[in-house]
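run12.cif, holding mmCIF, C-alpha atoms:
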data_final
loop_
_atom_site.group_PDB
_atom_site.id
_atom_site.type_symbol
_atom_site.label_atom_id
_atom_site.label_comp_id
_atom_site.auth_asym_id
_atom_site.auth_seq_id
_atom_site.Cartn_x
_atom_site.Cartn_y
_atom_site.Cartn_z
ATOM 1 C CA MET A 1 110.441 129.536 76.417
ATOM 2 C CA ILE A 2 107.790 132.085 77.437
ATOM 3 C CA HIS A 3 108.609 134.840 79.899
ATOM 4 C CA VAL A 4 105.772 136.555 81.722
ATOM 5 C CA THR A 5 106.594 140.186 82.350
ATOM 6 C CA ASN A 6 104.744 142.893 84.203
ATOM 7 C CA ILE A 7 101.988 140.511 85.330
ATOM 8 C CA ILE A 8 101.332 139.238 88.832
ATOM 9 C CA HIS A 9 99.009 136.381 89.690
ATOM 10 C CA ALA A 10 96.787 136.633 92.764
ATOM 11 C CA MET A 11 94.640 133.728 93.890
ATOM 12 C CA SER A 12 92.027 132.842 96.471
ATOM 13 C CA GLY A 13 90.086 129.624 96.714
ATOM 14 C CA HIS A 14 87.880 130.695 99.616
ATOM 15 C CA ARG A 15 84.631 132.645 99.221
ATOM 16 C CA ASN A 16 84.220 133.838 95.654
ATOM 17 C CA PRO A 17 87.276 131.894 94.448
ATOM 18 C CA ASN A 18 89.268 133.580 91.740
ATOM 19 C CA LEU A 19 92.689 133.711 90.151
ATOM 20 C CA LEU A 20 93.570 137.043 88.571
ATOM 21 C CA ALA A 21 96.409 137.985 86.258
ATOM 22 C CA ILE A 22 97.032 141.679 86.912
ATOM 23 C CA ARG A 23 99.190 143.933 84.761
ATOM 24 C CA LEU A 24 101.389 146.158 86.902
ATOM 25 C CA GLY A 25 101.106 149.935 86.773
ATOM 26 C CA GLY A 26 97.478 150.505 87.659
ATOM 27 C CA GLU A 27 96.321 152.808 90.422
ATOM 28 C CA GLY A 28 93.236 152.808 92.594
ATOM 29 C CA ASP A 29 90.414 150.353 91.908
ATOM 30 C CA ILE A 30 91.417 148.458 88.763
ATOM 31 C CA THR A 31 88.290 146.273 88.713
ATOM 32 C CA GLY A 32 87.005 146.033 85.163
ATOM 33 C CA SER A 33 90.059 147.773 83.699
ATOM 34 C CA ASP A 34 92.552 146.432 81.187
ATOM 35 C CA HIS A 35 94.964 145.887 84.102
ATOM 36 C CA VAL A 36 93.012 142.707 84.881
ATOM 37 C CA VAL A 37 94.345 140.616 82.006
ATOM 38 C CA TRP A 38 92.365 137.460 82.758
ATOM 39 C CA THR A 39 90.573 135.635 85.584
ATOM 40 C CA ASN A 40 89.954 131.995 86.459
ATOM 41 C CA PRO A 41 87.180 131.182 88.961
ATOM 42 C CA ARG A 42 87.575 127.380 88.655
ATOM 43 C CA GLY A 43 89.657 124.866 90.585
ATOM 44 C CA ASN A 44 91.701 127.294 92.659
ATOM 45 C CA PRO A 45 93.266 126.029 95.893
ATOM 46 C CA CYS A 46 92.200 127.317 99.303
ATOM 47 C CA THR A 47 95.586 126.774 100.939
ATOM 48 C CA SER A 48 98.520 126.292 98.578
ATOM 49 C CA SER A 49 100.346 128.654 96.256
ATOM 50 C CA ALA A 50 100.820 128.313 92.519
ATOM 51 C CA VAL A 51 104.085 127.584 90.695
ATOM 52 C CA LEU A 52 105.128 129.555 87.610
ATOM 53 C CA ASN A 53 107.584 127.860 85.248
ATOM 54 C CA ASP A 54 108.374 128.726 81.619
ATOM 55 C CA GLY A 55 105.109 130.635 81.247
ATOM 56 C CA ILE A 56 102.953 127.851 82.706
ATOM 57 C CA LEU A 57 101.098 128.511 85.951
ATOM 58 C CA CYS A 58 100.431 125.267 87.869
ATOM 59 C CA PHE A 59 98.338 124.843 90.995
ATOM 60 C CA VAL A 60 96.753 122.045 93.032
ATOM 61 C CA THR A 61 93.514 122.147 95.009
ATOM 62 C CA ASP A 62 93.283 120.953 98.604
ATOM 63 C CA ARG A 63 91.637 117.775 97.230
ATOM 64 C CA GLY A 64 94.417 116.953 94.728
ATOM 65 C CA LEU A 65 93.154 118.392 91.441
ATOM 66 C CA VAL A 66 95.982 119.782 89.283
ATOM 67 C CA SER A 67 95.627 122.595 86.738
ATOM 68 C CA ALA A 68 98.066 124.243 84.325
ATOM 69 C CA LEU A 69 97.277 127.528 82.565
ATOM 70 C CA ASP A 70 99.120 129.740 80.133
ATOM 71 C CA ALA A 71 100.300 132.478 82.515
ATOM 72 C CA GLU A 72 99.901 135.274 79.967
ATOM 73 C CA THR A 73 96.520 134.379 78.465
ATOM 74 C CA GLY A 74 94.859 132.219 81.141
ATOM 75 C CA GLU A 75 94.069 129.557 78.549
ATOM 76 C CA PRO A 76 94.088 126.118 80.178
ATOM 77 C CA TYR A 77 96.526 123.471 79.099
ATOM 78 C CA TYR A 78 94.553 121.204 81.422
ATOM 79 C CA GLN A 79 92.265 121.790 84.400
ATOM 80 C CA GLN A 80 91.397 119.826 87.504
ATOM 81 C CA GLN A 81 93.186 116.596 86.645
ATOM 82 C CA ARG A 82 92.986 114.152 89.533
ATOM 83 C CA LEU A 83 96.177 112.855 91.142
ATOM 84 C CA PRO A 84 96.548 109.035 91.124
ATOM 85 C CA ASN A 85 94.854 108.654 94.524
ATOM 86 C CA PRO A 86 92.348 110.765 96.448
ATOM 87 C CA TYR A 87 94.573 113.102 98.442
ATOM 88 C CA SER A 88 94.212 115.877 100.939
ATOM 89 C CA LEU A 89 96.793 118.677 100.666
ATOM 90 C CA LYS A 90 97.865 121.661 102.729
ATOM 91 C CA SER A 91 101.368 122.296 101.406
ATOM 92 C CA SER A 92 102.285 124.244 98.294
ATOM 93 C CA PRO A 93 103.815 122.331 95.405
ATOM 94 C CA ILE A 94 107.332 123.164 94.315
ATOM 95 C CA GLY A 95 108.796 123.163 90.841
ATOM 96 C CA GLY A 96 112.255 122.302 89.655
ATOM 97 C CA GLU A 97 114.043 120.514 86.851
ATOM 98 C CA GLY A 98 110.839 120.369 84.780
ATOM 99 C CA ARG A 99 108.862 118.701 87.541
ATOM 100 C CA LEU A 100 106.136 119.687 89.967
ATOM 101 C CA HIS A 101 106.496 118.000 93.387
ATOM 102 C CA ILE A 102 103.254 117.712 95.363
ATOM 103 C CA ALA A 103 103.558 116.577 99.008
ATOM 104 C CA THR A 104 100.318 115.134 100.391
ATOM 105 C CA GLU A 105 98.987 114.749 103.914
ATOM 106 C CA PRO A 106 98.979 110.912 103.699
ATOM 107 C CA GLY A 107 102.765 110.873 103.118
ATOM 108 C CA ASP A 108 102.954 110.474 99.347
ATOM 109 C CA THR A 109 104.778 112.923 97.121
ATOM 110 C CA VAL A 110 103.489 112.956 93.558
ATOM 111 C CA VAL A 111 105.781 114.174 90.780
ATOM 112 C CA VAL A 112 104.035 115.685 87.753
ATOM 113 C CA LYS A 113 105.750 116.808 84.554
ATOM 114 C CA MET A 114 105.677 120.618 84.296
ATOM 115 C CA GLY A 115 104.396 121.201 80.814
ATOM 116 C CA PRO A 116 101.293 121.606 78.699
ATOM 117 C CA ALA A 117 100.207 117.946 79.055
ATOM 118 C CA TYR A 118 99.252 116.312 82.359
ATOM 119 C CA GLU A 119 101.624 113.457 83.122
ATOM 120 C CA VAL A 120 102.355 111.825 86.471
ATOM 121 C CA LEU A 121 106.027 110.810 86.464
ATOM 122 C CA ALA A 122 106.320 109.151 89.872
ATOM 123 C CA THR A 123 104.854 108.755 93.330
ATOM 124 C CA TYR A 124 106.981 108.036 96.372
ATOM 125 C CA THR A 125 105.853 107.318 99.906
ATOM 126 C CA ILE A 126 107.536 107.960 103.212
ATOM 127 C CA GLU A 127 105.902 105.549 105.643
ATOM 128 C CA ASP A 128 104.465 106.784 108.947
ATOM 129 C CA GLU A 129 104.675 110.452 107.924
ATOM 130 C CA TYR A 130 102.285 113.072 106.706
ATOM 131 C CA PHE A 131 103.142 116.384 105.153
ATOM 132 C CA MET A 132 101.473 119.715 105.788
ATOM 133 C CA GLY A 133 104.558 121.901 105.296
ATOM 134 C CA SER A 134 105.704 122.794 101.802
ATOM 135 C CA PRO A 135 108.733 120.912 100.485
ATOM 136 C CA VAL A 136 111.969 122.703 99.648
ATOM 137 C CA MET A 137 114.445 121.909 96.878
ATOM 138 C CA VAL A 138 118.164 122.438 97.516
ATOM 139 C CA ASP A 139 120.973 121.169 95.278
ATOM 140 C CA GLY A 140 118.709 118.642 93.561
ATOM 141 C CA LYS A 141 117.339 117.221 96.827
ATOM 142 C CA ILE A 142 113.762 117.564 98.035
ATOM 143 C CA PHE A 143 113.429 118.229 101.772
ATOM 144 C CA LEU A 144 110.128 117.277 103.382
ATOM 145 C CA ARG A 145 109.206 118.170 106.943
ATOM 146 C CA GLY A 146 106.978 115.437 108.292
ATOM 147 C CA ARG A 147 105.276 114.910 111.604
ATOM 148 C CA ASN A 148 108.351 113.247 113.129
ATOM 149 C CA LYS A 149 111.215 113.588 110.669
ATOM 150 C CA LEU A 150 112.958 115.844 108.227
ATOM 151 C CA CYS A 151 113.375 113.766 105.075
ATOM 152 C CA ALA A 152 115.686 114.333 102.125
ATOM 153 C CA VAL A 153 114.876 112.675 98.806
ATOM 154 C CA SER A 154 117.032 112.605 95.683
ATOM 155 C CA GLU A 155 117.317 110.578 92.515
ATOM 156 C CA LYS A 156 119.639 107.610 92.525
ATOM 157 C CA ASN A 157 122.691 108.144 90.323
#
Spit out the file's structure as structure tokens when you get a sec.
Amino acid sequence: MIHVTNIIHAMSGHRNPNLLAIRLGGEGDITGSDHVVWTNPRGNPCTSSAVLNDGILCFVTDRGLVSALDAETGEPYYQQQRLPNPYSLKSSPIGGEGRLHIATEPGDTVVVKMGPAYEVLATYTIEDEYFMGSPVMVDGKIFLRGRNKLCAVSEKN
């Protein structure tokens, strides 16, 4: 297990998109200094946040392209892998129990394995809903706020 220490990740997918890994402790303008550990100008989301798990930084673009980078080095495990269908996204993915849960506007939630290889584990659909709010995980259940309902999803035991 890798632990990232003393590094923050800041991201913008709008004008001049960039993801920066910044070592804490700098002062003033740190541009071009060794406090900027690495940058990634490719495939960064405009809306959603990234998820950091076991040293892997995962993020999804607004068009459903998933990337996973080594959080300390910025080296890609994979970049801009397309979800199973063309999706539009506004919500941030959530991570838990080794999985990345990605709620889409059309009402599907795609579950991707959180690890160095891209692998879609499942897709589930809640009919007549769309999701723009980020899901929340509580006690092993995923809560999704849709247009008309609050939905709770869990694995069958």
Could you give me, as a Markdown table, a per-residue list for range 110-154 of chain A showing, wherever an atom lies at most 6 Å from an atom of range 75-98 of chain A, the closest pair of atoms and their distance in Å to one decimal, using all atoms listed in the file and sorting by chain then residue number from low to high?
| residue | atom | partner | partner_atom | distance |
| --- | --- | --- | --- | --- |
| A:Met114 | CA | A:Gly98 | CA | 5.2 |
| A:Pro116 | CA | A:Tyr77 | CA | 5.1 |
| A:Met132 | CA | A:Ser91 | CA | 5.1 |
| A:Gly133 | CA | A:Ser91 | CA | 5.0 |
| A:Ser134 | CA | A:Ser91 | CA | 4.4 |
>> Using only C-alpha atoms for the distances, tell me which of A:Ser67, A:Thr73, A:Thr109, A:Asn148 is nearest to Thr39 in chain A.
In response: A:Thr73
> Between A:Val153, A:Ala103, A:Ile22, A:Leu121, which one has atoms that come closest to Pro135 in chain A, using all atoms listed in the file?
Replying inline: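 Of the candidates, the smallest distance to Pro135 in chain A is held by A:Ala103.
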>> Evaluated on this file, the PyMOL selection byres ((chain A and resi 30-35) around 12) picks out some residues - which ones are they, written as a ChimeraX atom specification?
In response: /A:6-9,20-29,36-39
> Which neighbours of Asp128 in chain A fall inside 9 Å, counting all atoms listed in the file, when residues of the same chain fewer than 2 positions from it are skipped, and could you give them as a PyMOL selection string?
Replying inline: chain A and resi 106-107+126+130+147-148
> Which one is closest to Val60 in chain A: A:Glu127, A:Phe143, A:Thr47, A:Glu72? Count all atoms listed in the file.
Replying inline: A:Thr47
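Taking CA of Ala122 in chain A and CA of Asp54 in chain A as endpoints, the distance between them is 21.3 Å.
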Would you compute an axis-aligned box for range 68-87 of chain A, covering every atom listed for it in the file with 8 Å of margin on each side, and report centre and edge lengths in Å to one decimal as JSON?
{"center_x": 95.8, "center_y": 122.0, "center_z": 88.5, "size_x": 24.9, "size_y": 42.6, "size_z": 36.0}
> CA of Ala71 in chain A and CA of Ala10 in chain A, how far apart in Å?
Replying inline: 11.6 Å
> What is the CA of Arg42 in chain A to CA of Gly55 in chain A distance in Å?
Replying inline: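 Those two atoms sit 19.3 Å apart.
Considering only C-alpha atoms, the residue among A:Leu69, A:Asn53, A:Leu100, A:Asp139 positioned nearest to Leu19 in chain A is A:Leu69.
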> Looking at all atoms listed in the file, which of A:Ile102, A:Arg15, A:Lys113, A:Gly146 is the one that sits closest to Ile56 in chain A?
Replying inline: A:Lys113
Output file: range 3-137 of chain A, C-alpha atoms, as a PDB file, in the first residue's frame:
ATOM      1  CA  HIS A   3       0.710   6.447   1.241  1.00  0.00           C
ATOM      2  CA  VAL A   4       1.001   9.907  -0.264  1.00  0.00           C
ATOM      3  CA  THR A   5       2.303  12.365   2.289  1.00  0.00           C
ATOM      4  CA  ASN A   6       2.853  16.087   2.134  1.00  0.00           C
ATOM      5  CA  ILE A   7       1.392  16.356  -1.378  1.00  0.00           C
ATOM      6  CA  ILE A   8      -1.889  17.942  -2.393  1.00  0.00           C
ATOM      7  CA  HIS A   9      -3.521  17.547  -5.780  1.00  0.00           C
ATOM      8  CA  ALA A  10      -5.193  20.545  -7.414  1.00  0.00           C
ATOM      9  CA  MET A  11      -7.110  20.208 -10.659  1.00  0.00           C
ATOM     10  CA  SER A  12      -8.922  22.309 -13.225  1.00  0.00           C
ATOM     11  CA  GLY A  13     -10.375  21.133 -16.494  1.00  0.00           C
ATOM     12  CA  HIS A  14     -11.461  24.563 -17.715  1.00  0.00           C
ATOM     13  CA  ARG A  15      -9.185  26.985 -19.578  1.00  0.00           C
ATOM     14  CA  ASN A  16      -5.607  25.754 -19.530  1.00  0.00           C
ATOM     15  CA  PRO A  17      -6.570  22.431 -17.917  1.00  0.00           C
ATOM     16  CA  ASN A  18      -4.045  21.045 -15.497  1.00  0.00           C
ATOM     17  CA  LEU A  19      -3.653  18.714 -12.556  1.00  0.00           C
ATOM     18  CA  LEU A  20      -0.799  19.587 -10.218  1.00  0.00           C
ATOM     19  CA  ALA A  21       0.773  17.594  -7.415  1.00  0.00           C
ATOM     20  CA  ILE A  22       2.143  20.193  -5.002  1.00  0.00           C
ATOM     21  CA  ARG A  23       4.501  19.460  -2.126  1.00  0.00           C
ATOM     22  CA  LEU A  24       3.458  21.336   0.999  1.00  0.00           C
ATOM     23  CA  GLY A  25       5.736  23.889   2.628  1.00  0.00           C
ATOM     24  CA  GLY A  26       6.342  26.342  -0.182  1.00  0.00           C
ATOM     25  CA  GLU A  27       5.765  30.064   0.111  1.00  0.00           C
ATOM     26  CA  GLY A  28       4.895  32.701  -2.444  1.00  0.00           C
ATOM     27  CA  ASP A  29       4.836  31.832  -6.145  1.00  0.00           C
ATOM     28  CA  ILE A  30       5.981  28.210  -6.388  1.00  0.00           C
ATOM     29  CA  THR A  31       5.654  28.041 -10.186  1.00  0.00           C
ATOM     30  CA  GLY A  32       8.659  26.234 -11.607  1.00  0.00           C
ATOM     31  CA  SER A  33       9.948  25.204  -8.175  1.00  0.00           C
ATOM     32  CA  ASP A  34      10.499  21.714  -6.818  1.00  0.00           C
ATOM     33  CA  HIS A  35       7.251  22.133  -4.847  1.00  0.00           C
ATOM     34  CA  VAL A  36       5.401  21.318  -8.078  1.00  0.00           C
ATOM     35  CA  VAL A  37       6.136  17.594  -8.118  1.00  0.00           C
ATOM     36  CA  TRP A  38       4.328  16.789 -11.363  1.00  0.00           C
ATOM     37  CA  THR A  39       1.580  18.071 -13.673  1.00  0.00           C
ATOM     38  CA  ASN A  40      -0.964  16.447 -15.975  1.00  0.00           C
ATOM     39  CA  PRO A  41      -2.628  18.614 -18.647  1.00  0.00           C
ATOM     40  CA  ARG A  42      -4.609  15.729 -20.214  1.00  0.00           C
ATOM     41  CA  GLY A  43      -8.088  14.369 -19.561  1.00  0.00           C
ATOM     42  CA  ASN A  44      -8.922  16.403 -16.472  1.00  0.00           C
ATOM     43  CA  PRO A  45     -12.592  16.896 -15.575  1.00  0.00           C
ATOM     44  CA  CYS A  46     -14.265  20.303 -15.675  1.00  0.00           C
ATOM     45  CA  THR A  47     -16.771  19.526 -12.927  1.00  0.00           C
ATOM     46  CA  SER A  48     -15.980  16.516 -10.753  1.00  0.00           C
ATOM     47  CA  SER A  49     -13.338  15.887  -8.120  1.00  0.00           C
ATOM     48  CA  ALA A  50     -10.721  13.159  -8.078  1.00  0.00           C
ATOM     49  CA  VAL A  51     -10.579  10.175  -5.713  1.00  0.00           C
ATOM     50  CA  LEU A  52      -7.342   9.147  -3.992  1.00  0.00           C
ATOM     51  CA  ASN A  53      -7.095   5.529  -2.836  1.00  0.00           C
ATOM     52  CA  ASP A  54      -3.977   3.537  -1.915  1.00  0.00           C
ATOM     53  CA  GLY A  55      -1.738   5.952  -3.811  1.00  0.00           C
ATOM     54  CA  ILE A  56      -3.846   5.905  -6.985  1.00  0.00           C
ATOM     55  CA  LEU A  57      -5.525   9.126  -8.089  1.00  0.00           C
ATOM     56  CA  CYS A  58      -8.655   8.429 -10.180  1.00  0.00           C
ATOM     57  CA  PHE A  59     -10.779  10.954 -12.036  1.00  0.00           C
ATOM     58  CA  VAL A  60     -13.504  11.013 -14.692  1.00  0.00           C
ATOM     59  CA  THR A  61     -14.122  13.663 -17.340  1.00  0.00           C
ATOM     60  CA  ASP A  62     -17.548  15.181 -17.943  1.00  0.00           C
ATOM     61  CA  ARG A  63     -17.788  12.911 -21.023  1.00  0.00           C
ATOM     62  CA  GLY A  64     -17.033   9.652 -19.159  1.00  0.00           C
ATOM     63  CA  LEU A  65     -13.308   9.116 -19.711  1.00  0.00           C
ATOM     64  CA  VAL A  66     -11.607   7.522 -16.686  1.00  0.00           C
ATOM     65  CA  SER A  67      -7.948   7.974 -15.729  1.00  0.00           C
ATOM     66  CA  ALA A  68      -5.798   6.558 -12.925  1.00  0.00           C
ATOM     67  CA  LEU A  69      -2.375   7.992 -12.066  1.00  0.00           C
ATOM     68  CA  ASP A  70       0.266   7.190  -9.500  1.00  0.00           C
ATOM     69  CA  ALA A  71      -0.404   9.984  -6.989  1.00  0.00           C
ATOM     70  CA  GLU A  72       3.261  10.443  -6.077  1.00  0.00           C
ATOM     71  CA  THR A  73       4.861  10.344  -9.530  1.00  0.00           C
ATOM     72  CA  GLY A  74       2.009  11.254 -11.900  1.00  0.00           C
ATOM     73  CA  GLU A  75       2.779   8.217 -14.047  1.00  0.00           C
ATOM     74  CA  PRO A  76      -0.417   6.924 -15.656  1.00  0.00           C
ATOM     75  CA  TYR A  77      -1.703   3.471 -14.921  1.00  0.00           C
ATOM     76  CA  TYR A  78      -4.253   4.224 -17.634  1.00  0.00           C
ATOM     77  CA  GLN A  79      -5.645   7.412 -19.164  1.00  0.00           C
ATOM     78  CA  GLN A  80      -8.941   8.383 -20.728  1.00  0.00           C
ATOM     79  CA  GLN A  81     -10.547   4.951 -20.834  1.00  0.00           C
ATOM     80  CA  ARG A  82     -14.120   5.188 -22.070  1.00  0.00           C
ATOM     81  CA  LEU A  83     -16.971   3.974 -19.867  1.00  0.00           C
ATOM     82  CA  PRO A  84     -19.182   1.264 -21.449  1.00  0.00           C
ATOM     83  CA  ASN A  85     -21.605   3.819 -22.924  1.00  0.00           C
ATOM     84  CA  PRO A  86     -21.263   7.464 -23.940  1.00  0.00           C
ATOM     85  CA  TYR A  87     -22.135   9.312 -20.744  1.00  0.00           C
ATOM     86  CA  SER A  88     -22.456  12.850 -19.542  1.00  0.00           C
ATOM     87  CA  LEU A  89     -21.385  13.460 -15.928  1.00  0.00           C
ATOM     88  CA  LYS A  90     -21.638  16.266 -13.405  1.00  0.00           C
ATOM     89  CA  SER A  91     -21.196  14.399 -10.126  1.00  0.00           C
ATOM     90  CA  SER A  92     -17.917  13.393  -8.529  1.00  0.00           C
ATOM     91  CA  PRO A  93     -17.126   9.695  -8.310  1.00  0.00           C
ATOM     92  CA  ILE A  94     -16.761   8.097  -4.910  1.00  0.00           C
ATOM     93  CA  GLY A  95     -14.429   5.340  -3.828  1.00  0.00           C
ATOM     94  CA  GLY A  96     -14.915   2.580  -1.326  1.00  0.00           C
ATOM     95  CA  GLU A  97     -14.191  -1.090  -0.817  1.00  0.00           C
ATOM     96  CA  GLY A  98     -11.775  -1.115  -3.773  1.00  0.00           C
ATOM     97  CA  ARG A  99     -14.335   0.308  -6.168  1.00  0.00           C
ATOM     98  CA  LEU A 100     -14.953   3.606  -7.908  1.00  0.00           C
ATOM     99  CA  HIS A 101     -18.676   4.440  -8.254  1.00  0.00           C
ATOM    100  CA  ILE A 102     -19.509   6.830 -11.098  1.00  0.00           C
ATOM    101  CA  ALA A 103     -23.086   8.193 -11.205  1.00  0.00           C
ATOM    102  CA  THR A 104     -24.096   9.449 -14.656  1.00  0.00           C
ATOM    103  CA  GLU A 105     -26.717  11.923 -15.812  1.00  0.00           C
ATOM    104  CA  PRO A 106     -28.678   9.241 -17.740  1.00  0.00           C
ATOM    105  CA  GLY A 107     -29.271   7.264 -14.514  1.00  0.00           C
ATOM    106  CA  ASP A 108     -26.580   4.594 -14.749  1.00  0.00           C
ATOM    107  CA  THR A 109     -23.966   4.085 -12.070  1.00  0.00           C
ATOM    108  CA  VAL A 110     -20.798   2.453 -13.359  1.00  0.00           C
ATOM    109  CA  VAL A 111     -18.560   0.588 -10.916  1.00  0.00           C
ATOM    110  CA  VAL A 112     -14.868   0.463 -11.837  1.00  0.00           C
ATOM    111  CA  LYS A 113     -12.196  -1.483  -9.963  1.00  0.00           C
ATOM    112  CA  MET A 114      -9.856   0.924  -8.144  1.00  0.00           C
ATOM    113  CA  GLY A 115      -6.448  -0.294  -9.148  1.00  0.00           C
ATOM    114  CA  PRO A 116      -3.718  -0.023 -11.745  1.00  0.00           C
ATOM    115  CA  ALA A 117      -5.739  -1.782 -14.487  1.00  0.00           C
ATOM    116  CA  TYR A 118      -8.984  -0.432 -15.952  1.00  0.00           C
ATOM    117  CA  GLU A 119     -11.814  -2.860 -15.280  1.00  0.00           C
ATOM    118  CA  VAL A 120     -15.551  -2.190 -15.281  1.00  0.00           C
ATOM    119  CA  LEU A 121     -17.106  -4.415 -12.608  1.00  0.00           C
ATOM    120  CA  ALA A 122     -20.785  -3.543 -12.999  1.00  0.00           C
ATOM    121  CA  THR A 123     -23.325  -1.058 -14.282  1.00  0.00           C
ATOM    122  CA  TYR A 124     -26.692  -0.556 -12.636  1.00  0.00           C
ATOM    123  CA  THR A 125     -29.561   1.618 -13.782  1.00  0.00           C
ATOM    124  CA  ILE A 126     -32.259   3.375 -11.829  1.00  0.00           C
ATOM    125  CA  GLU A 127     -35.066   3.955 -14.314  1.00  0.00           C
ATOM    126  CA  ASP A 128     -36.585   7.418 -14.767  1.00  0.00           C
ATOM    127  CA  GLU A 129     -33.800   9.141 -12.814  1.00  0.00           C
ATOM    128  CA  TYR A 130     -30.737  11.140 -13.643  1.00  0.00           C
ATOM    129  CA  PHE A 131     -27.908  12.027 -11.335  1.00  0.00           C
ATOM    130  CA  MET A 132     -26.103  15.339 -11.087  1.00  0.00           C
ATOM    131  CA  GLY A 133     -25.339  15.192  -7.355  1.00  0.00           C
ATOM    132  CA  SER A 134     -22.408  13.150  -6.104  1.00  0.00           C
ATOM    133  CA  PRO A 135     -23.241   9.812  -4.490  1.00  0.00           C
ATOM    134  CA  VAL A 136     -22.466   9.126  -0.841  1.00  0.00           C
ATOM    135  CA  MET A 137     -21.403   5.849   0.760  1.00  0.00           C
TER     136      MET A 137
END
